[in-house]
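Novice: Structure supplied as run_33.cif; contents: mmCIF, C-alpha atoms.
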```cif
data_data
loop_
_atom_site.group_PDB
_atom_site.id
_atom_site.type_symbol
_atom_site.label_atom_id
_atom_site.label_comp_id
_atom_site.auth_asym_id
_atom_site.auth_seq_id
_atom_site.Cartn_x
_atom_site.Cartn_y
_atom_site.Cartn_z
ATOM 1 C CA MET A 12 147.775 208.921 64.440
ATOM 2 C CA GLN A 13 149.787 210.809 61.849
ATOM 3 C CA THR A 14 151.607 208.024 59.928
ATOM 4 C CA PRO A 15 151.133 204.319 59.113
ATOM 5 C CA LYS A 16 154.360 203.542 61.002
ATOM 6 C CA GLY A 17 153.001 205.474 63.996
ATOM 7 C CA LEU A 18 149.819 203.407 63.811
ATOM 8 C CA THR A 19 151.885 200.217 63.849
ATOM 9 C CA ASP A 20 153.588 201.415 67.023
ATOM 10 C CA LEU A 21 150.256 202.425 68.598
ATOM 11 C CA LEU A 22 148.757 198.973 68.087
ATOM 12 C CA LYS A 23 151.741 197.175 69.594
ATOM 13 C CA LEU A 24 151.012 196.295 73.204
ATOM 14 C CA LYS A 25 153.299 195.723 76.152
ATOM 15 C CA GLN A 26 152.927 192.094 77.250
ATOM 16 C CA ILE A 27 152.494 191.696 80.995
ATOM 17 C CA ASP A 28 151.913 187.936 80.931
ATOM 18 C CA ALA A 29 150.369 185.359 78.571
ATOM 19 C CA PHE A 30 146.890 186.904 78.687
ATOM 20 C CA ASN A 31 147.406 190.489 79.878
ATOM 21 C CA PHE A 32 148.677 193.494 77.919
ATOM 22 C CA GLU A 33 148.948 197.278 78.115
ATOM 23 C CA GLY A 34 148.534 199.905 75.404
ATOM 24 C CA GLN A 35 149.078 203.630 74.913
ATOM 25 C CA ASN A 36 146.592 206.138 73.486
ATOM 26 C CA TYR A 37 146.247 208.301 70.416
ATOM 27 C CA GLN A 38 145.998 211.865 71.753
ATOM 28 C CA THR A 39 142.646 213.067 70.425
ATOM 29 C CA ILE A 40 141.643 216.710 70.817
ATOM 30 C CA TRP A 41 138.295 215.653 72.302
ATOM 31 C CA LYS A 42 140.219 214.057 75.211
ATOM 32 C CA ARG A 43 138.538 210.641 74.923
ATOM 33 C CA VAL A 44 140.032 207.466 73.520
ATOM 34 C CA TYR A 45 139.269 207.006 69.815
ATOM 35 C CA GLY A 46 136.958 204.003 69.489
ATOM 36 C CA GLY A 47 138.864 202.496 66.573
ATOM 37 C CA GLN A 48 142.007 202.471 68.705
ATOM 38 C CA VAL A 49 140.588 200.434 71.598
ATOM 39 C CA LEU A 50 138.884 198.124 69.092
ATOM 40 C CA ALA A 51 142.103 197.492 67.145
ATOM 41 C CA GLN A 52 144.223 197.125 70.286
ATOM 42 C CA SER A 53 141.732 194.619 71.725
ATOM 43 C CA LEU A 54 141.941 192.605 68.520
ATOM 44 C CA HIS A 55 145.748 192.769 68.698
ATOM 45 C CA ALA A 56 145.652 191.492 72.292
ATOM 46 C CA ALA A 57 143.443 188.579 71.274
ATOM 47 C CA TYR A 58 145.766 187.729 68.399
ATOM 48 C CA GLN A 59 148.672 187.320 70.820
ATOM 49 C CA THR A 60 146.875 184.271 72.268
ATOM 50 C CA ILE A 61 145.794 182.683 68.957
ATOM 51 C CA HIS A 62 147.634 180.017 66.967
ATOM 52 C CA GLU A 63 149.155 181.524 63.825
ATOM 53 C CA ASP A 64 147.054 179.393 61.457
ATOM 54 C CA ARG A 65 143.826 181.170 62.578
ATOM 55 C CA ILE A 66 142.472 184.482 61.321
ATOM 56 C CA VAL A 67 139.670 186.561 62.822
ATOM 57 C CA HIS A 68 136.407 186.308 60.879
ATOM 58 C CA SER A 69 134.066 188.200 63.229
ATOM 59 C CA LEU A 70 134.183 190.490 66.247
ATOM 60 C CA HIS A 71 131.627 192.228 68.454
ATOM 61 C CA GLY A 72 132.444 194.990 70.896
ATOM 62 C CA TYR A 73 130.652 197.188 73.432
ATOM 63 C CA PHE A 74 131.873 200.635 74.462
ATOM 64 C CA ILE A 75 131.093 200.812 78.181
ATOM 65 C CA LEU A 76 132.801 203.999 79.409
ATOM 66 C CA PRO A 77 134.664 206.845 77.677
ATOM 67 C CA GLY A 78 138.410 206.158 77.727
ATOM 68 C CA ASP A 79 140.829 208.669 79.250
ATOM 69 C CA ILE A 80 143.695 209.424 76.825
ATOM 70 C CA THR A 81 146.081 210.212 79.708
ATOM 71 C CA ILE A 82 145.881 206.696 81.207
ATOM 72 C CA PRO A 83 147.292 203.514 79.565
ATOM 73 C CA ILE A 84 144.715 200.824 78.838
ATOM 74 C CA LYS A 85 145.083 197.330 80.251
ATOM 75 C CA TYR A 86 143.780 194.442 78.142
ATOM 76 C CA SER A 87 142.815 191.103 79.705
ATOM 77 C CA VAL A 88 142.182 188.164 77.344
ATOM 78 C CA GLU A 89 140.022 185.137 78.177
ATOM 79 C CA ASN A 90 140.463 181.923 76.212
ATOM 80 C CA LEU A 91 136.853 180.776 75.784
ATOM 81 C CA ARG A 92 137.520 177.940 73.349
ATOM 82 C CA ASP A 93 140.043 176.384 70.981
ATOM 83 C CA GLY A 94 138.301 173.936 68.658
ATOM 84 C CA GLY A 95 139.331 172.034 65.562
ATOM 85 C CA SER A 96 138.471 174.924 63.210
ATOM 86 C CA PHE A 97 137.552 177.890 65.419
ATOM 87 C CA SER A 98 138.941 179.730 68.451
ATOM 88 C CA THR A 99 137.012 182.236 70.549
ATOM 89 C CA ARG A 100 138.427 184.990 72.758
ATOM 90 C CA ARG A 101 136.969 187.674 74.992
ATOM 91 C CA VAL A 102 139.006 190.809 75.698
ATOM 92 C CA THR A 103 138.190 193.374 78.390
ATOM 93 C CA ALA A 104 139.864 196.791 78.333
ATOM 94 C CA TYR A 105 140.355 198.466 81.718
ATOM 95 C CA GLN A 106 141.266 201.883 83.086
ATOM 96 C CA ASN A 107 141.429 202.603 86.812
ATOM 97 C CA GLY A 108 140.158 199.076 87.461
ATOM 98 C CA LYS A 109 136.931 199.679 85.492
ATOM 99 C CA ALA A 110 135.974 198.049 82.199
ATOM 100 C CA ILE A 111 135.710 200.606 79.396
ATOM 101 C CA PHE A 112 135.317 198.174 76.458
ATOM 102 C CA VAL A 113 134.677 194.473 75.929
ATOM 103 C CA LEU A 114 135.335 192.490 72.748
ATOM 104 C CA SER A 115 134.345 188.991 71.656
ATOM 105 C CA ALA A 116 136.160 187.642 68.598
ATOM 106 C CA SER A 117 136.109 184.388 66.662
ATOM 107 C CA PHE A 118 139.080 183.056 64.673
ATOM 108 C CA GLN A 119 139.056 180.358 61.989
ATOM 109 C CA ILE A 120 141.550 178.270 60.045
ATOM 110 C CA SER A 121 141.551 178.827 56.268
ATOM 111 C CA GLN A 122 138.779 176.774 54.664
ATOM 112 C CA ASN A 123 137.065 176.659 51.264
ATOM 113 C CA GLY A 124 133.293 176.971 50.823
ATOM 114 C CA LEU A 125 130.538 178.723 48.888
ATOM 115 C CA GLU A 126 131.364 181.994 47.104
ATOM 116 C CA GLN A 127 129.085 184.965 46.494
ATOM 117 C CA HIS A 128 128.846 188.659 47.445
ATOM 118 C CA ASN A 129 126.969 191.856 46.648
ATOM 119 C CA ASP A 130 128.224 194.075 43.852
ATOM 120 C CA SER A 131 130.291 197.141 44.634
ATOM 121 C CA PRO A 132 128.273 200.390 44.444
ATOM 122 C CA ALA A 133 131.328 202.440 43.400
ATOM 123 C CA GLN A 134 130.435 205.479 41.290
ATOM 124 C CA ALA A 135 133.855 207.093 40.827
ATOM 125 C CA ASN A 136 137.555 206.334 40.651
ATOM 126 C CA PRO A 137 139.415 207.411 43.809
ATOM 127 C CA GLU A 138 142.209 209.032 41.780
ATOM 128 C CA GLU A 139 139.658 211.540 40.479
ATOM 129 C CA LEU A 140 138.405 212.503 43.947
ATOM 130 C CA VAL A 141 139.521 214.990 46.604
ATOM 131 C CA SER A 142 140.364 214.091 50.194
ATOM 132 C CA ASP A 143 137.762 214.697 52.892
ATOM 133 C CA THR A 144 140.192 217.068 54.611
ATOM 134 C CA ASP A 145 140.387 219.323 51.554
ATOM 135 C CA LEU A 146 136.633 219.095 50.987
ATOM 136 C CA LEU A 147 135.947 220.175 54.560
ATOM 137 C CA LYS A 148 138.413 223.049 54.460
ATOM 138 C CA ASN A 149 136.842 224.444 51.304
ATOM 139 C CA THR A 150 133.136 223.870 51.908
ATOM 140 C CA ALA A 151 130.714 226.529 53.103
ATOM 141 C CA ALA A 152 128.069 223.936 53.916
ATOM 142 C CA VAL A 153 129.624 223.042 57.267
ATOM 143 C CA SER A 154 130.012 225.488 60.154
ATOM 144 C CA ASP A 155 133.500 226.159 61.548
ATOM 145 C CA ARG A 156 132.464 224.507 64.810
ATOM 146 C CA VAL A 157 131.428 221.224 63.182
ATOM 147 C CA LYS A 158 134.302 221.441 60.695
ATOM 148 C CA LEU A 159 136.842 221.507 63.544
ATOM 149 C CA HIS A 160 135.361 218.336 65.054
ATOM 150 C CA LEU A 161 135.212 216.488 61.726
ATOM 151 C CA LEU A 162 138.803 217.378 60.875
ATOM 152 C CA ALA A 163 140.030 216.320 64.325
ATOM 153 C CA ARG A 164 138.407 212.886 64.263
ATOM 154 C CA ASN A 165 140.261 211.712 61.150
ATOM 155 C CA PRO A 166 142.692 208.801 61.764
ATOM 156 C CA PHE A 167 145.470 210.523 59.829
ATOM 157 C CA ALA A 168 147.420 207.410 58.867
ATOM 158 C CA PHE A 169 144.669 206.933 56.266
ATOM 159 C CA GLU A 170 143.460 209.129 53.445
ATOM 160 C CA PHE A 171 139.712 209.266 52.822
ATOM 161 C CA ARG A 172 138.124 210.455 49.573
ATOM 162 C CA PRO A 173 134.311 210.760 49.573
ATOM 163 C CA GLU A 174 132.437 210.397 46.293
ATOM 164 C CA LYS A 175 130.081 213.237 47.355
ATOM 165 C CA ASP A 176 130.959 216.633 48.802
ATOM 166 C CA PHE A 177 129.686 217.602 52.268
ATOM 167 C CA SER A 178 127.285 220.032 50.593
ATOM 168 C CA TYR A 179 125.441 217.135 48.946
ATOM 169 C CA ARG A 180 122.041 216.593 50.557
ATOM 170 C CA PHE A 181 121.937 212.911 51.495
ATOM 171 C CA SER A 182 118.553 211.337 52.083
ATOM 172 C CA PRO A 183 118.303 208.786 54.912
ATOM 173 C CA GLN A 184 117.942 206.015 52.308
ATOM 174 C CA GLU A 185 121.130 206.829 50.383
ATOM 175 C CA ASN A 186 124.548 205.239 50.610
ATOM 176 C CA ARG A 187 127.616 207.385 51.266
ATOM 177 C CA ASN A 188 130.675 206.026 49.474
ATOM 178 C CA VAL A 189 134.180 206.856 50.719
ATOM 179 C CA TRP A 190 137.429 205.513 49.262
ATOM 180 C CA PHE A 191 140.341 205.077 51.667
ATOM 181 C CA LYS A 192 143.853 203.653 51.973
ATOM 182 C CA LEU A 193 147.055 204.161 53.952
ATOM 183 C CA LYS A 194 148.872 207.372 53.104
ATOM 184 C CA GLU A 195 152.186 205.531 52.879
ATOM 185 C CA GLN A 196 152.967 201.992 51.754
ATOM 186 C CA LEU A 197 153.654 199.593 54.619
ATOM 187 C CA SER A 198 154.414 195.876 54.666
ATOM 188 C CA LEU A 199 151.784 194.262 56.899
ATOM 189 C CA SER A 200 150.802 190.732 57.875
ATOM 190 C CA GLN A 201 147.214 189.598 57.372
ATOM 191 C CA GLN A 202 146.607 190.017 61.092
ATOM 192 C CA GLN A 203 147.937 193.602 60.980
ATOM 193 C CA GLN A 204 145.779 194.326 57.943
ATOM 194 C CA GLN A 205 142.717 193.327 59.960
ATOM 195 C CA GLU A 206 143.773 195.442 62.949
ATOM 196 C CA PHE A 207 144.372 198.465 60.712
ATOM 197 C CA LEU A 208 140.951 198.046 59.109
ATOM 198 C CA ALA A 209 139.282 197.861 62.540
ATOM 199 C CA TYR A 210 141.040 201.112 63.430
ATOM 200 C CA ALA A 211 139.953 202.859 60.228
ATOM 201 C CA VAL A 212 136.282 201.960 59.908
ATOM 202 C CA ASP A 213 135.240 203.576 63.181
ATOM 203 C CA TYR A 214 136.011 206.848 61.404
ATOM 204 C CA ASP A 215 132.704 207.614 59.699
ATOM 205 C CA LEU A 216 129.793 205.334 60.556
ATOM 206 C CA LEU A 217 128.234 207.602 63.186
ATOM 207 C CA ILE A 218 128.714 210.654 60.973
ATOM 208 C CA MET A 219 126.890 208.775 58.213
ATOM 209 C CA SER A 220 124.053 208.040 60.606
ATOM 210 C CA ILE A 221 123.338 211.734 61.164
ATOM 211 C CA ILE A 222 124.621 213.282 57.933
ATOM 212 C CA SER A 223 121.190 213.336 56.275
ATOM 213 C CA HIS A 224 120.084 215.689 59.061
ATOM 214 C CA PHE A 225 123.127 217.966 58.808
ATOM 215 C CA GLN A 226 121.816 220.600 56.418
ATOM 216 C CA GLU A 227 119.069 221.594 58.820
ATOM 217 C CA GLU A 228 121.009 221.028 62.045
ATOM 218 C CA PHE A 229 124.692 221.701 61.383
ATOM 219 C CA ASP A 230 124.911 224.190 64.247
ATOM 220 C CA LYS A 231 122.801 222.273 66.734
ATOM 221 C CA PRO A 232 125.133 220.530 69.195
ATOM 222 C CA LEU A 233 124.696 216.760 69.389
ATOM 223 C CA GLN A 234 125.996 214.268 71.894
ATOM 224 C CA VAL A 235 127.440 211.488 69.737
ATOM 225 C CA ALA A 236 129.182 208.371 71.061
ATOM 226 C CA SER A 237 129.786 204.779 69.962
ATOM 227 C CA LEU A 238 127.740 202.160 71.813
ATOM 228 C CA ASP A 239 128.709 198.948 70.045
ATOM 229 C CA HIS A 240 130.583 197.761 66.990
ATOM 230 C CA ALA A 241 130.565 194.545 64.948
ATOM 231 C CA MET A 242 132.736 193.436 62.023
ATOM 232 C CA TRP A 243 132.878 190.436 59.732
ATOM 233 C CA TYR A 244 135.989 189.777 57.660
ATOM 234 C CA HIS A 245 135.141 187.935 54.454
ATOM 235 C CA ARG A 246 138.243 187.989 52.235
ATOM 236 C CA PRO A 247 141.894 189.088 52.298
ATOM 237 C CA PHE A 248 142.543 192.741 51.399
ATOM 238 C CA ASP A 249 145.341 195.298 51.376
ATOM 239 C CA VAL A 250 144.964 198.642 53.167
ATOM 240 C CA ASN A 251 147.836 199.951 51.014
ATOM 241 C CA GLU A 252 145.406 199.880 48.066
ATOM 242 C CA TRP A 253 142.129 201.765 47.627
ATOM 243 C CA LEU A 254 139.154 200.270 49.463
ATOM 244 C CA LEU A 255 135.560 201.491 49.163
ATOM 245 C CA PHE A 256 133.570 202.059 52.365
ATOM 246 C CA SER A 257 129.886 202.161 51.392
ATOM 247 C CA MET A 258 127.699 203.248 54.327
ATOM 248 C CA HIS A 259 124.008 203.706 54.989
ATOM 249 C CA THR A 260 121.690 204.233 57.941
ATOM 250 C CA PRO A 261 118.712 201.842 58.143
ATOM 251 C CA ASN A 262 117.392 203.325 61.391
ATOM 252 C CA ALA A 263 117.558 206.231 63.835
ATOM 253 C CA SER A 264 115.308 206.209 66.890
ATOM 254 C CA GLY A 265 115.337 206.332 70.685
ATOM 255 C CA ALA A 266 118.342 208.734 70.687
ATOM 256 C CA ARG A 267 120.339 206.022 68.887
ATOM 257 C CA CYS A 268 121.424 205.621 65.278
ATOM 258 C CA LEU A 269 122.511 202.534 63.371
ATOM 259 C CA GLY A 270 125.183 202.574 60.685
ATOM 260 C CA GLN A 271 125.925 199.716 58.302
ATOM 261 C CA GLY A 272 128.946 199.582 56.031
ATOM 262 C CA SER A 273 130.278 197.316 53.298
ATOM 263 C CA ILE A 274 133.950 197.418 52.359
ATOM 264 C CA PHE A 275 135.003 196.480 48.824
ATOM 265 C CA ASP A 276 138.415 196.212 47.215
ATOM 266 C CA ARG A 277 139.269 197.874 43.896
ATOM 267 C CA GLN A 278 138.224 194.735 42.003
ATOM 268 C CA GLY A 279 134.727 194.928 43.534
ATOM 269 C CA ASN A 280 135.105 192.049 45.999
ATOM 270 C CA LEU A 281 133.303 192.424 49.335
ATOM 271 C CA VAL A 282 136.090 192.098 51.906
ATOM 272 C CA ALA A 283 134.350 193.113 55.155
ATOM 273 C CA THR A 284 131.051 194.204 56.685
ATOM 274 C CA VAL A 285 130.664 196.517 59.669
ATOM 275 C CA VAL A 286 127.686 197.565 61.806
ATOM 276 C CA GLN A 287 127.742 200.173 64.546
ATOM 277 C CA GLU A 288 125.118 201.649 66.847
ATOM 278 C CA GLY A 289 125.731 204.999 68.428
ATOM 279 C CA LEU A 290 124.201 207.559 70.721
ATOM 280 C CA ALA A 291 122.895 210.641 68.882
ATOM 281 C CA ARG A 292 120.855 213.094 70.922
ATOM 282 C CA PRO A 293 120.728 216.858 71.491
ATOM 283 C CA ASN A 294 123.369 218.076 73.909
ATOM 284 C CA GLN A 295 121.268 219.727 76.583
ATOM 285 C CA SER A 296 124.280 221.045 78.496
ATOM 286 C CA ASP A 297 125.717 223.060 75.593
#
```
Could you express the structure from this file as structure tokens?
Specialist:
Amino acid sequence: MQTPKGLTDLLKLKQIDAFNFEGQNYQTIWKRVYGGQVLAQSLHAAYQTIHEDRIVHSLHGYFILPGDITIPIKYSVENLRDGGSFSTRRVTAYQNGKAIFVLSASFQISQNGLEQHNDSPAQANPEELVSDTDLLKNTAAVSDRVKLHLLARNPFAFEFRPEKDFSYRFSPQENRNVWFKLKEQLSLSQQQQQEFLAYAVDYDLLIMSIISHFQEEFDKPLQVASLDHAMWYHRPFDVNEWLLFSMHTPNASGARCLGQGSIFDRQGNLVATVVQEGLARPNQSD
């Protein structure tokens, strides 16, 4: 999606009835639906059934089948519960009558409680960094084949600025820090902010999970796909301002990899946490 306004339009869904919606697709060059899109659209569908005083605090999704970018996605919302403080929804995304993604999300009224969070691991100011697009175009550490894929996967409404170049040799125990924000200022509600963040953070977690193996295996084709995705929203934030996405990989085994990310605002507050497991195995057919 090229612009923030275009992303706003992408996440708007056609309402069929009170609990059913339909959405269009970002046209990826890999011909499958971008995971962040179906995640954000599912959250948007759920929000259409939630009272305005409630904000999502956690969501869990499973990617069941690859989405076809040529077919609109239908979203069906189930109202599982509306309590005094919390509401729970389940959203199933369909194409050709088959479920391709399922989301469970919990929403809460604003409440006060305990306050604490981890410190931000930021090591640089984003203004001093170069975008990932420019880094990729100018690096010799990445093959043209892999470079094309990495450039194509970028959700272009956002700008991403890594603290380390792609030539840096990450160990599996290291964090990869990437600053990001919308390329253009846009007035957004808190609900839209959360949908935009869900769209953006699918961008790099799987890459982080295999990046420590890149230097030895840049040219070895891998089959990589999202399996599941979980997010927790802790505090308000603004995607118009720089946010730090700090990622690491605690485990890779069984042809799967696990990515964990913490998202901090410029003041160092932890605003969200994300965890994603993905498929990562040699592509035998290539």
Novice: What's the separation between atom CA of A:Pro173 and atom CA of A:Gly46, in Å to one decimal place?
Specialist: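 Between atom CA of A:Pro173 and atom CA of A:Gly46 the gap works out to 21.2 Å.
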Novice: Applied to the shown file, which residues does the PyMOL selection byres ((chain A and resi 77) around 8) return, written as a PyMOL selection string?
Specialist: chain A and resi 43-44+74-76+78-79+111
Novice: Compile the contact shell of stretch 234-245 of chain A as number ranges by chain: residues with an atom at most 7 Å away, counting only C-alpha atoms, same-chain residues fewer than 4 positions apart removed.
Specialist: A: 68-74, 282-294
Novice: Between A:Leu140, A:Ala110, A:Val212, A:Met258, which one has atoms that come closest to A:Asn186, using only C-alpha atoms?
Specialist: A:Met258
Novice: For the provided coordinates, the residues matched by the PyMOL selection byres ((chain A and resi 248) around 9) should be stated as a ChimeraX atom specification.
Specialist: /A:201,204-205,246-247,249-252,254,275-276,282
